[in-house]
Amino acid sequence: MGKFQRLVIGSVLTLVSSTAFAAVIESTSLVGFGTAKYPDNFTHFDYVNPQAPKFGKITYGVVGTYDNFNRFASRGVAARGTGELYDTLMFSPSDEIDAYYPLIAEKVRYSDDYTWLEIDINPNARFHDGVPITAHDVAFTFDKFMSEGVPQYRVYYEDIKSVTAKSDLVVRIEMAKPNREKLFSFAQSTRVLPKHFWQDKNFSEPLSQPPVGSSAYKISDFKSGQSVTYSLIEDYWAKDLPVNVGRYNFQQVQYDYYRDDTVMLEAFKAGEFDFRLETSAKFWANSYTGQNFDKGFIVKQEIPHHKPESTAAFVFNTQREVFKDAKVREALNYAMDFEWMNANMFYGQYSRTRSFFQNTDYEAAGLPSEQELEILNAYKDQIPARVFTQEYQPPVTDGSGRIRSQMRIAFKLLKEAGWELRNKVMTNVQTGEPLTFEFLLYSPTTERIAIPMQKNLKRMGIDMKIRSIDTTQFIKRLRDRDFDMVSWPFSANPYPSPNLLIAWNSKYIDSSYNTAGVESPVVDALTEQILQAQQEPEKLLALGRALDRVLQWNFYIIPQWHISTYRVAMWDKFERPDVMPKYDLGIDTWWISQDKSKLLPEKRR
């Protein structure tokens, strides 16, 4: 045998050996980032009251309507809460990042090269109709989502080769390409469907009747498009699991629908529902008054938090011709006079958002570090030069409402992009067409915050038409990417997770999650590197900040604002644990006090 042959055979044997003999790890938890906070024998989460009574009913108000009970349908608007009708294999608590503990699953095994994962199903697990939950249901769920479900699921889990039932209670997930994050997230994000209910139905179509679920609540009553009521299942099989102790303390949860937020607020004050998380500074400052406040029936609270902030924004659809040039997008940023709006409309309650990692260590501040430069230099010719030389900050005004200096900068940018003022109309030099676009919305509250920007744009010769439609039409047009601009939030990012692929990677261009319609090789590369660096904290820190800079300086959005408190108003019958979870308000741990409830008018007890 020649030396070359021995070398090739030796290399093959080494590869086979390293693959065949990958270590098998057995655990009761999965951790995608950091280390698990809770030990194997934990009895409940730190932020719950394990003795909380299960009593009473909570009613919420919701703007809009609904027409079906399938949260995962490709059309229609599903009733609030329908996605939570099905339990997941594992549960992620609200005081940890990317740690998962057993729910339907009992324990897990996986290879340390992340090529496969096996999950043992809890033999006590049941659907609402009493049928056992098995590995066959899990395999069916994966196939159903991949063939008929929402497109985001198919794209995100394309690296999963197969999900098969090894036995009734053991399911095996095999990867076509090793990927720890996607392997682990399957256990936490996939809501297990009952095969016996869904096998003869099209999962992509709306559902007119409530489905068979598996979670703590089931639909007990509904008025189509108007309300939906969930009732706690007394013999819920998982009620005593550590992940559920102290949670799900309301015997009933109801969602009532209203045509707009103003009507809904008045209904709340009149006693039509119990709890309101306020998003409008104007309402919070001026509208929470009346006899029910004077009598102490309704209480207002500002509950501080330190959680990562979502990035609410006016989002450009960069697929539209008018917004393909970053200079145009940057110029329109100068029409937002946040300082005036905050003083005159928001009662000084807000701070300007500047980062896609707001309130985290991953927020890009100052100039790039050496570690960031190592990443960014590879794309030096493809990204704005200011990424390397300036810290991004949104435009700042003096708050007077006069934005002449901002307009001068905007005019300069627009001129560089091929636009100029002609007879007070911003006009494309080559085509002669005016700069005009449509801002799409479904809420009067959103219209209120859009009007000041519309007025400033008009002063710049730009026509922003405001178009208000109902919720159903809005969701359809969002899915179809049939819009120029919308007001929309990007989810909070406590760390650079693979979920950033869904929000920014061009593979998701056909889904509503990549709202801005970004198709950038650099953004694709950075989000894919983030996926690969989940177990490298220092590299992840640099990658997160690098991505933040690239997104900031490409002006895909006009960033809005945030507040570091939960503004909560409620009828005074609730109690909550002493400890609040870091990443959530934790209302699933609250409970109703029977003593306090007795003091309220009868319909709010």
# chains A, B, ... in the order shown; residues from 1 in each chain; ligands from 1
call {"tool": "residues_around", "arguments": {"residues": "Asn514 (chain A)", "least_positions_apart": "6", "cutoff": "7 Å", "atoms": "only C-alpha atoms", "output": "PyMOL selection string"}}
result
chain A and resi 502-504+508
call {"tool": "write_last_selection", "arguments": {"atoms": "N, CA, C and O atoms", "output": "compact mmCIF listing (two decimals), in the first residue's frame"}}
result
# COMPACT_ATOMS: atom_id res chain seq x y z
N ILE A 502 -34.46 35.30 10.94
CA ILE A 502 -35.84 35.48 10.52
C ILE A 502 -36.16 36.94 10.27
O ILE A 502 -36.91 37.29 9.36
N ALA A 503 -35.56 37.83 11.06
CA ALA A 503 -35.85 39.25 10.95
C ALA A 503 -35.10 39.93 9.81
O ALA A 503 -35.58 40.92 9.26
N TRP A 504 -33.90 39.40 9.45
CA TRP A 504 -33.04 40.17 8.55
C TRP A 504 -32.47 39.39 7.38
O TRP A 504 -32.08 39.98 6.37
N TYR A 508 -35.57 34.90 4.23
CA TYR A 508 -36.91 35.09 4.76
C TYR A 508 -37.64 36.24 4.06
O TYR A 508 -38.61 36.77 4.57
call {"tool": "residues_around", "arguments": {"residues": "region 276-282 of chain A", "least_positions_apart": "6", "cutoff": "7 Å", "atoms": "only C-alpha atoms", "output": "number ranges by chain"}}
result
A: 345-347, 349, 567-570
call {"tool": "residues_around", "arguments": {"residues": "Asp87 (chain A)", "least_positions_apart": "3", "cutoff": "9 Å", "atoms": "only C-alpha atoms", "output": "VMD selection string"}}
result
chain A and resid 84 90 to 91 103 to 104 190 to 193 213 to 216
call {"tool": "closest_residue", "arguments": {"among": "A:Ala525, A:Ile558, A:Ile475, A:Ala546", "to": "Pro394 (chain A)", "atoms": "only C-alpha atoms"}}
result
A:Ile558
call {"tool": "select_by_dssp", "arguments": {"residues": "region 108-305 of chain A", "states": "alpha helix (DSSP H)", "output": "PDB file with N, CA, C and O atoms, in the first residue's frame"}}
result
ATOM      1  N   ALA A 135     -44.685  10.207  20.482  1.00  0.00           N
ATOM      2  CA  ALA A 135     -43.646  10.604  19.535  1.00  0.00           C
ATOM      3  C   ALA A 135     -44.201  10.694  18.120  1.00  0.00           C
ATOM      4  O   ALA A 135     -43.703  11.475  17.293  1.00  0.00           O
ATOM      5  N   HIS A 136     -45.243   9.932  17.837  1.00  0.00           N
ATOM      6  CA  HIS A 136     -45.854   9.979  16.509  1.00  0.00           C
ATOM      7  C   HIS A 136     -46.503  11.349  16.261  1.00  0.00           C
ATOM      8  O   HIS A 136     -46.495  11.847  15.134  1.00  0.00           O
ATOM      9  N   ASP A 137     -47.049  11.942  17.318  1.00  0.00           N
ATOM     10  CA  ASP A 137     -47.621  13.290  17.183  1.00  0.00           C
ATOM     11  C   ASP A 137     -46.525  14.314  16.890  1.00  0.00           C
ATOM     12  O   ASP A 137     -46.725  15.238  16.103  1.00  0.00           O
ATOM     13  N   VAL A 138     -45.368  14.147  17.530  1.00  0.00           N
ATOM     14  CA  VAL A 138     -44.260  15.075  17.311  1.00  0.00           C
ATOM     15  C   VAL A 138     -43.765  14.976  15.873  1.00  0.00           C
ATOM     16  O   VAL A 138     -43.559  15.993  15.194  1.00  0.00           O
ATOM     17  N   ALA A 139     -43.575  13.746  15.390  1.00  0.00           N
ATOM     18  CA  ALA A 139     -43.128  13.547  14.006  1.00  0.00           C
ATOM     19  C   ALA A 139     -44.157  14.099  13.027  1.00  0.00           C
ATOM     20  O   ALA A 139     -43.811  14.754  12.029  1.00  0.00           O
ATOM     21  N   PHE A 140     -45.423  13.851  13.310  1.00  0.00           N
ATOM     22  CA  PHE A 140     -46.504  14.373  12.462  1.00  0.00           C
ATOM     23  C   PHE A 140     -46.485  15.897  12.447  1.00  0.00           C
ATOM     24  O   PHE A 140     -46.649  16.527  11.399  1.00  0.00           O
ATOM     25  N   THR A 141     -46.279  16.511  13.627  1.00  0.00           N
ATOM     26  CA  THR A 141     -46.247  17.972  13.732  1.00  0.00           C
ATOM     27  C   THR A 141     -45.167  18.557  12.837  1.00  0.00           C
ATOM     28  O   THR A 141     -45.408  19.525  12.095  1.00  0.00           O
ATOM     29  N   PHE A 142     -43.981  17.985  12.904  1.00  0.00           N
ATOM     30  CA  PHE A 142     -42.887  18.495  12.072  1.00  0.00           C
ATOM     31  C   PHE A 142     -43.242  18.394  10.587  1.00  0.00           C
ATOM     32  O   PHE A 142     -43.085  19.362   9.830  1.00  0.00           O
ATOM     33  N   ASP A 143     -43.739  17.258  10.182  1.00  0.00           N
ATOM     34  CA  ASP A 143     -44.093  17.071   8.772  1.00  0.00           C
ATOM     35  C   ASP A 143     -45.208  18.035   8.352  1.00  0.00           C
ATOM     36  O   ASP A 143     -45.201  18.570   7.242  1.00  0.00           O
ATOM     37  N   LYS A 144     -46.165  18.260   9.252  1.00  0.00           N
ATOM     38  CA  LYS A 144     -47.281  19.151   8.951  1.00  0.00           C
ATOM     39  C   LYS A 144     -46.795  20.595   8.793  1.00  0.00           C
ATOM     40  O   LYS A 144     -47.182  21.299   7.849  1.00  0.00           O
ATOM     41  N   PHE A 145     -45.948  21.035   9.713  1.00  0.00           N
ATOM     42  CA  PHE A 145     -45.405  22.384   9.622  1.00  0.00           C
ATOM     43  C   PHE A 145     -44.550  22.548   8.358  1.00  0.00           C
ATOM     44  O   PHE A 145     -44.586  23.588   7.702  1.00  0.00           O
ATOM     45  N   MET A 146     -43.775  21.530   8.034  1.00  0.00           N
ATOM     46  CA  MET A 146     -42.882  21.638   6.883  1.00  0.00           C
ATOM     47  C   MET A 146     -43.634  21.598   5.556  1.00  0.00           C
ATOM     48  O   MET A 146     -43.202  22.180   4.562  1.00  0.00           O
ATOM     49  N   SER A 147     -44.777  20.943   5.519  1.00  0.00           N
ATOM     50  CA  SER A 147     -45.505  20.816   4.262  1.00  0.00           C
ATOM     51  C   SER A 147     -46.624  21.834   4.103  1.00  0.00           C
ATOM     52  O   SER A 147     -46.932  22.267   2.989  1.00  0.00           O
ATOM     53  N   GLU A 148     -47.236  22.255   5.223  1.00  0.00           N
ATOM     54  CA  GLU A 148     -48.403  23.127   5.127  1.00  0.00           C
ATOM     55  C   GLU A 148     -48.340  24.354   6.027  1.00  0.00           C
ATOM     56  O   GLU A 148     -49.164  25.255   5.894  1.00  0.00           O
ATOM     57  N   PRO A 151     -44.412  29.685   6.362  1.00  0.00           N
ATOM     58  CA  PRO A 151     -43.147  29.520   5.628  1.00  0.00           C
ATOM     59  C   PRO A 151     -41.912  29.749   6.477  1.00  0.00           C
ATOM     60  O   PRO A 151     -40.863  29.159   6.220  1.00  0.00           O
ATOM     61  N   GLN A 152     -42.010  30.584   7.519  1.00  0.00           N
ATOM     62  CA  GLN A 152     -40.852  30.835   8.366  1.00  0.00           C
ATOM     63  C   GLN A 152     -40.336  29.547   8.999  1.00  0.00           C
ATOM     64  O   GLN A 152     -39.131  29.350   9.149  1.00  0.00           O
ATOM     65  N   TYR A 153     -41.251  28.691   9.397  1.00  0.00           N
ATOM     66  CA  TYR A 153     -40.864  27.430  10.033  1.00  0.00           C
ATOM     67  C   TYR A 153     -40.073  26.570   9.048  1.00  0.00           C
ATOM     68  O   TYR A 153     -39.033  26.009   9.394  1.00  0.00           O
ATOM     69  N   ARG A 154     -40.567  26.466   7.832  1.00  0.00           N
ATOM     70  CA  ARG A 154     -39.903  25.632   6.826  1.00  0.00           C
ATOM     71  C   ARG A 154     -38.491  26.120   6.544  1.00  0.00           C
ATOM     72  O   ARG A 154     -37.552  25.323   6.430  1.00  0.00           O
ATOM     73  N   VAL A 155     -38.332  27.421   6.427  1.00  0.00           N
ATOM     74  CA  VAL A 155     -37.007  27.961   6.116  1.00  0.00           C
ATOM     75  C   VAL A 155     -36.069  27.802   7.309  1.00  0.00           C
ATOM     76  O   VAL A 155     -34.913  27.412   7.154  1.00  0.00           O
ATOM     77  N   TYR A 156     -36.582  28.105   8.502  1.00  0.00           N
ATOM     78  CA  TYR A 156     -35.718  28.063   9.685  1.00  0.00           C
ATOM     79  C   TYR A 156     -35.231  26.650   9.973  1.00  0.00           C
ATOM     80  O   TYR A 156     -34.070  26.447  10.352  1.00  0.00           O
ATOM     81  N   ARG A 180     -26.531  23.344  16.732  1.00  0.00           N
ATOM     82  CA  ARG A 180     -27.001  23.257  18.120  1.00  0.00           C
ATOM     83  C   ARG A 180     -28.264  24.076  18.359  1.00  0.00           C
ATOM     84  O   ARG A 180     -29.232  23.605  18.953  1.00  0.00           O
ATOM     85  N   GLU A 181     -28.259  25.314  17.889  1.00  0.00           N
ATOM     86  CA  GLU A 181     -29.383  26.200  18.165  1.00  0.00           C
ATOM     87  C   GLU A 181     -30.680  25.665  17.590  1.00  0.00           C
ATOM     88  O   GLU A 181     -31.693  25.599  18.277  1.00  0.00           O
ATOM     89  N   LYS A 182     -30.657  25.243  16.339  1.00  0.00           N
ATOM     90  CA  LYS A 182     -31.888  24.770  15.716  1.00  0.00           C
ATOM     91  C   LYS A 182     -32.323  23.434  16.294  1.00  0.00           C
ATOM     92  O   LYS A 182     -33.514  23.161  16.434  1.00  0.00           O
ATOM     93  N   LEU A 183     -31.355  22.615  16.644  1.00  0.00           N
ATOM     94  CA  LEU A 183     -31.676  21.333  17.258  1.00  0.00           C
ATOM     95  C   LEU A 183     -32.385  21.546  18.586  1.00  0.00           C
ATOM     96  O   LEU A 183     -33.427  20.938  18.863  1.00  0.00           O
ATOM     97  N   PHE A 184     -31.834  22.438  19.415  1.00  0.00           N
ATOM     98  CA  PHE A 184     -32.417  22.687  20.733  1.00  0.00           C
ATOM     99  C   PHE A 184     -33.728  23.477  20.633  1.00  0.00           C
ATOM    100  O   PHE A 184     -34.682  23.204  21.368  1.00  0.00           O
ATOM    101  N   SER A 185     -33.762  24.444  19.743  1.00  0.00           N
ATOM    102  CA  SER A 185     -34.954  25.296  19.683  1.00  0.00           C
ATOM    103  C   SER A 185     -36.174  24.515  19.206  1.00  0.00           C
ATOM    104  O   SER A 185     -37.307  24.882  19.523  1.00  0.00           O
ATOM    105  N   PHE A 186     -35.955  23.442  18.450  1.00  0.00           N
ATOM    106  CA  PHE A 186     -37.077  22.605  18.026  1.00  0.00           C
ATOM    107  C   PHE A 186     -37.879  22.143  19.238  1.00  0.00           C
ATOM    108  O   PHE A 186     -39.108  22.104  19.214  1.00  0.00           O
ATOM    109  N   ALA A 187     -37.185  21.818  20.322  1.00  0.00           N
ATOM    110  CA  ALA A 187     -37.848  21.295  21.521  1.00  0.00           C
ATOM    111  C   ALA A 187     -38.655  22.362  22.242  1.00  0.00           C
ATOM    112  O   ALA A 187     -39.628  22.050  22.934  1.00  0.00           O
ATOM    113  N   GLN A 188     -38.271  23.628  22.073  1.00  0.00           N
ATOM    114  CA  GLN A 188     -38.953  24.697  22.790  1.00  0.00           C
ATOM    115  C   GLN A 188     -39.985  25.432  21.942  1.00  0.00           C
ATOM    116  O   GLN A 188     -40.994  25.909  22.455  1.00  0.00           O
ATOM    117  N   SER A 189     -39.760  25.500  20.645  1.00  0.00           N
ATOM    118  CA  SER A 189     -40.617  26.344  19.818  1.00  0.00           C
ATOM    119  C   SER A 189     -41.728  25.577  19.099  1.00  0.00           C
ATOM    120  O   SER A 189     -42.711  26.186  18.664  1.00  0.00           O
ATOM    121  N   LYS A 195     -52.202  14.468  16.124  1.00  0.00           N
ATOM    122  CA  LYS A 195     -52.308  13.881  14.785  1.00  0.00           C
ATOM    123  C   LYS A 195     -53.743  13.479  14.469  1.00  0.00           C
ATOM    124  O   LYS A 195     -54.224  13.687  13.349  1.00  0.00           O
ATOM    125  N   HIS A 196     -54.442  12.933  15.466  1.00  0.00           N
ATOM    126  CA  HIS A 196     -55.791  12.426  15.202  1.00  0.00           C
ATOM    127  C   HIS A 196     -56.771  13.543  14.850  1.00  0.00           C
ATOM    128  O   HIS A 196     -57.803  13.290  14.244  1.00  0.00           O
ATOM    129  N   PHE A 197     -56.452  14.783  15.232  1.00  0.00           N
ATOM    130  CA  PHE A 197     -57.316  15.908  14.885  1.00  0.00           C
ATOM    131  C   PHE A 197     -56.924  16.522  13.547  1.00  0.00           C
ATOM    132  O   PHE A 197     -57.781  16.854  12.724  1.00  0.00           O
ATOM    133  N   TRP A 198     -55.625  16.671  13.287  1.00  0.00           N
ATOM    134  CA  TRP A 198     -55.154  17.452  12.144  1.00  0.00           C
ATOM    135  C   TRP A 198     -54.845  16.628  10.895  1.00  0.00           C
ATOM    136  O   TRP A 198     -54.640  17.200   9.822  1.00  0.00           O
ATOM    137  N   ASP A 261     -58.666  51.602  19.698  1.00  0.00           N
ATOM    138  CA  ASP A 261     -58.102  51.696  21.038  1.00  0.00           C
ATOM    139  C   ASP A 261     -58.837  52.690  21.914  1.00  0.00           C
ATOM    140  O   ASP A 261     -58.946  52.510  23.135  1.00  0.00           O
ATOM    141  N   THR A 262     -59.364  53.750  21.322  1.00  0.00           N
ATOM    142  CA  THR A 262     -60.099  54.744  22.110  1.00  0.00           C
ATOM    143  C   THR A 262     -61.378  54.149  22.690  1.00  0.00           C
ATOM    144  O   THR A 262     -61.685  54.315  23.882  1.00  0.00           O
ATOM    145  N   VAL A 263     -62.117  53.454  21.866  1.00  0.00           N
ATOM    146  CA  VAL A 263     -63.334  52.769  22.328  1.00  0.00           C
ATOM    147  C   VAL A 263     -62.978  51.748  23.407  1.00  0.00           C
ATOM    148  O   VAL A 263     -63.669  51.607  24.422  1.00  0.00           O
ATOM    149  N   MET A 264     -61.869  51.038  23.179  1.00  0.00           N
ATOM    150  CA  MET A 264     -61.465  49.999  24.126  1.00  0.00           C
ATOM    151  C   MET A 264     -61.100  50.587  25.491  1.00  0.00           C
ATOM    152  O   MET A 264     -61.453  50.031  26.541  1.00  0.00           O
ATOM    153  N   LEU A 265     -60.430  51.731  25.501  1.00  0.00           N
ATOM    154  CA  LEU A 265     -60.074  52.369  26.770  1.00  0.00           C
ATOM    155  C   LEU A 265     -61.328  52.781  27.544  1.00  0.00           C
ATOM    156  O   LEU A 265     -61.422  52.573  28.754  1.00  0.00           O
ATOM    157  N   GLU A 266     -62.294  53.340  26.854  1.00  0.00           N
ATOM    158  CA  GLU A 266     -63.530  53.745  27.532  1.00  0.00           C
ATOM    159  C   GLU A 266     -64.264  52.530  28.092  1.00  0.00           C
ATOM    160  O   GLU A 266     -64.859  52.592  29.173  1.00  0.00           O
ATOM    161  N   ALA A 267     -64.216  51.439  27.365  1.00  0.00           N
ATOM    162  CA  ALA A 267     -64.837  50.205  27.856  1.00  0.00           C
ATOM    163  C   ALA A 267     -64.139  49.709  29.112  1.00  0.00           C
ATOM    164  O   ALA A 267     -64.788  49.260  30.071  1.00  0.00           O
ATOM    165  N   PHE A 268     -62.818  49.815  29.135  1.00  0.00           N
ATOM    166  CA  PHE A 268     -62.068  49.416  30.329  1.00  0.00           C
ATOM    167  C   PHE A 268     -62.483  50.253  31.534  1.00  0.00           C
ATOM    168  O   PHE A 268     -62.750  49.734  32.624  1.00  0.00           O
ATOM    169  N   LYS A 269     -62.533  51.556  31.360  1.00  0.00           N
ATOM    170  CA  LYS A 269     -62.888  52.455  32.459  1.00  0.00           C
ATOM    171  C   LYS A 269     -64.307  52.207  32.956  1.00  0.00           C
ATOM    172  O   LYS A 269     -64.618  52.408  34.135  1.00  0.00           O
ATOM    173  N   ALA A 281     -48.780  57.319  25.505  1.00  0.00           N
ATOM    174  CA  ALA A 281     -48.412  58.294  26.541  1.00  0.00           C
ATOM    175  C   ALA A 281     -49.551  59.270  26.799  1.00  0.00           C
ATOM    176  O   ALA A 281     -49.784  59.681  27.944  1.00  0.00           O
ATOM    177  N   LYS A 282     -50.261  59.642  25.747  1.00  0.00           N
ATOM    178  CA  LYS A 282     -51.373  60.594  25.903  1.00  0.00           C
ATOM    179  C   LYS A 282     -52.470  59.994  26.763  1.00  0.00           C
ATOM    180  O   LYS A 282     -52.972  60.639  27.695  1.00  0.00           O
ATOM    181  N   PHE A 283     -52.859  58.776  26.461  1.00  0.00           N
ATOM    182  CA  PHE A 283     -53.877  58.121  27.274  1.00  0.00           C
ATOM    183  C   PHE A 283     -53.420  58.023  28.726  1.00  0.00           C
ATOM    184  O   PHE A 283     -54.183  58.284  29.657  1.00  0.00           O
ATOM    185  N   TRP A 284     -52.162  57.628  28.920  1.00  0.00           N
ATOM    186  CA  TRP A 284     -51.650  57.424  30.273  1.00  0.00           C
ATOM    187  C   TRP A 284     -51.665  58.732  31.064  1.00  0.00           C
ATOM    188  O   TRP A 284     -51.986  58.749  32.252  1.00  0.00           O
ATOM    189  N   ALA A 285     -51.337  59.817  30.398  1.00  0.00           N
ATOM    190  CA  ALA A 285     -51.265  61.105  31.085  1.00  0.00           C
ATOM    191  C   ALA A 285     -52.640  61.716  31.351  1.00  0.00           C
ATOM    192  O   ALA A 285     -52.844  62.366  32.386  1.00  0.00           O
ATOM    193  N   ASN A 286     -53.587  61.517  30.448  1.00  0.00           N
ATOM    194  CA  ASN A 286     -54.836  62.290  30.514  1.00  0.00           C
ATOM    195  C   ASN A 286     -56.117  61.500  30.690  1.00  0.00           C
ATOM    196  O   ASN A 286     -57.125  62.062  31.116  1.00  0.00           O
ATOM    197  N   GLN A 291     -64.877  58.071  37.965  1.00  0.00           N
ATOM    198  CA  GLN A 291     -65.371  57.653  39.274  1.00  0.00           C
ATOM    199  C   GLN A 291     -64.767  56.325  39.735  1.00  0.00           C
ATOM    200  O   GLN A 291     -64.552  56.121  40.933  1.00  0.00           O
ATOM    201  N   ASN A 292     -64.475  55.431  38.815  1.00  0.00           N
ATOM    202  CA  ASN A 292     -63.910  54.149  39.226  1.00  0.00           C
ATOM    203  C   ASN A 292     -62.464  54.279  39.705  1.00  0.00           C
ATOM    204  O   ASN A 292     -61.991  53.455  40.490  1.00  0.00           O
ATOM    205  N   PHE A 293     -61.772  55.328  39.252  1.00  0.00           N
ATOM    206  CA  PHE A 293     -60.448  55.631  39.792  1.00  0.00           C
ATOM    207  C   PHE A 293     -60.600  56.312  41.149  1.00  0.00           C
ATOM    208  O   PHE A 293     -59.877  56.004  42.101  1.00  0.00           O
ATOM    209  N   ASP A 294     -61.553  57.236  41.231  1.00  0.00           N
ATOM    210  CA  ASP A 294     -61.769  57.964  42.488  1.00  0.00           C
ATOM    211  C   ASP A 294     -62.165  57.019  43.619  1.00  0.00           C
ATOM    212  O   ASP A 294     -61.771  57.216  44.776  1.00  0.00           O
TER     213      ASP A 294
END
call {"tool": "residues_around", "arguments": {"residues": "Ser220 (chain A)", "least_positions_apart": "5", "cutoff": "9 Å", "atoms": "only C-alpha atoms", "output": "MDAnalysis selection string"}}
result
chainID A and resid 210 228:231
call {"tool": "residues_around", "arguments": {"residues": "Pro178 (chain A)", "least_positions_apart": "2", "cutoff": "10 Å", "atoms": "only C-alpha atoms", "output": "list in words"}}
result
Ser111, Asp112, Asp113, Tyr114, Thr115, Trp116, Asp159, Ile160, Glu174, Met175, Ala176, Arg180, Glu181, Lys182 and Leu183 of chain A
call {"tool": "write_last_selection", "arguments": {"atoms": "N, CA and C atoms", "output": "short mmCIF file (atom, residue, chain, number, x, y, z; two decimals), in the first residue's frame"}}
result
data_model
loop_
_atom_site.label_atom_id
_atom_site.label_comp_id
_atom_site.auth_asym_id
_atom_site.auth_seq_id
_atom_site.Cartn_x
_atom_site.Cartn_y
_atom_site.Cartn_z
N SER A 111 -26.11 14.12 20.79
CA SER A 111 -24.68 13.94 20.52
C SER A 111 -23.97 15.27 20.71
N ASP A 112 -22.73 15.22 21.19
CA ASP A 112 -22.03 16.47 21.45
C ASP A 112 -21.55 17.15 20.17
N ASP A 113 -21.79 16.52 19.01
CA ASP A 113 -21.54 17.21 17.75
C ASP A 113 -22.83 17.77 17.16
N TYR A 114 -23.93 17.64 17.91
CA TYR A 114 -25.23 18.22 17.57
C TYR A 114 -25.78 17.74 16.23
N THR A 115 -25.57 16.48 15.96
CA THR A 115 -26.14 15.90 14.73
C THR A 115 -27.49 15.26 14.99
N TRP A 116 -27.81 14.95 16.26
CA TRP A 116 -29.10 14.36 16.57
C TRP A 116 -29.52 14.66 18.00
N ASP A 159 -32.52 22.69 7.98
CA ASP A 159 -31.36 21.85 8.28
C ASP A 159 -31.73 20.57 9.02
N ILE A 160 -32.99 20.45 9.43
CA ILE A 160 -33.42 19.20 10.07
C ILE A 160 -33.72 18.18 8.97
N GLU A 174 -32.89 14.34 13.59
CA GLU A 174 -31.57 14.23 12.96
C GLU A 174 -31.35 15.44 12.06
N MET A 175 -30.11 15.95 12.10
CA MET A 175 -29.77 17.14 11.34
C MET A 175 -29.05 16.77 10.05
N ALA A 176 -29.41 17.45 8.97
CA ALA A 176 -28.65 17.31 7.74
C ALA A 176 -27.32 18.04 7.87
N ARG A 180 -26.53 23.34 16.73
CA ARG A 180 -27.00 23.26 18.12
C ARG A 180 -28.26 24.08 18.36
N GLU A 181 -28.26 25.31 17.89
CA GLU A 181 -29.38 26.20 18.17
C GLU A 181 -30.68 25.66 17.59
N LYS A 182 -30.66 25.24 16.34
CA LYS A 182 -31.89 24.77 15.72
C LYS A 182 -32.32 23.43 16.29
N LEU A 183 -31.36 22.62 16.64
CA LEU A 183 -31.68 21.33 17.26
C LEU A 183 -32.38 21.55 18.59
#
call {"tool": "residues_around", "arguments": {"residues": "region 587-601 of chain A", "least_positions_apart": "2", "cutoff": "10 Å", "atoms": "only C-alpha atoms", "output": "PyMOL selection string"}}
result
chain A and resi 47-50+52-58+244-251+271+292+295-298+571-577+580-581+584-585+603-605
call {"tool": "atom_distance", "arguments": {"atom1": "CA of Ala450 (chain A)", "atom2": "CA of Pro304 (chain A)"}}
result
27.5 Å
call {"tool": "closest_atom_pairs", "arguments": {"of": "region 320-379 of chain A", "to": "region 384-393 of chain A", "cutoff": "10 Å", "atoms": "only C-alpha atoms", "output": "tab-separated table"}}
result
residue	atom	partner	partner_atom	distance
A:Ala326	CA	A:Pro384	CA	9.7
A:Arg352	CA	A:Gln393	CA	9.5
A:Thr353	CA	A:Gln393	CA	9.2
A:Arg354	CA	A:Gln393	CA	6.3
A:Ser355	CA	A:Tyr392	CA	8.8
A:Ala364	CA	A:Glu391	CA	7.9
A:Ala365	CA	A:Glu391	CA	6.2
A:Gly366	CA	A:Glu391	CA	5.1
A:Leu367	CA	A:Glu391	CA	5.8
A:Pro368	CA	A:Phe388	CA	6.5
A:Ser369	CA	A:Phe388	CA	9.7
A:Glu372	CA	A:Phe388	CA	9.6
A:Leu373	CA	A:Phe388	CA	7.9
A:Leu376	CA	A:Phe388	CA	8.3
A:Asn377	CA	A:Phe388	CA	9.0
A:Tyr379	CA	A:Pro384	CA	9.7
call {"tool": "residues_around", "arguments": {"residues": "region 483-494 of chain A", "least_positions_apart": "5", "cutoff": "8 Å", "atoms": "only C-alpha atoms", "output": "number ranges by chain"}}
result
A: 97, 307-317, 320, 356-358, 360, 437-441, 446, 477-478, 503
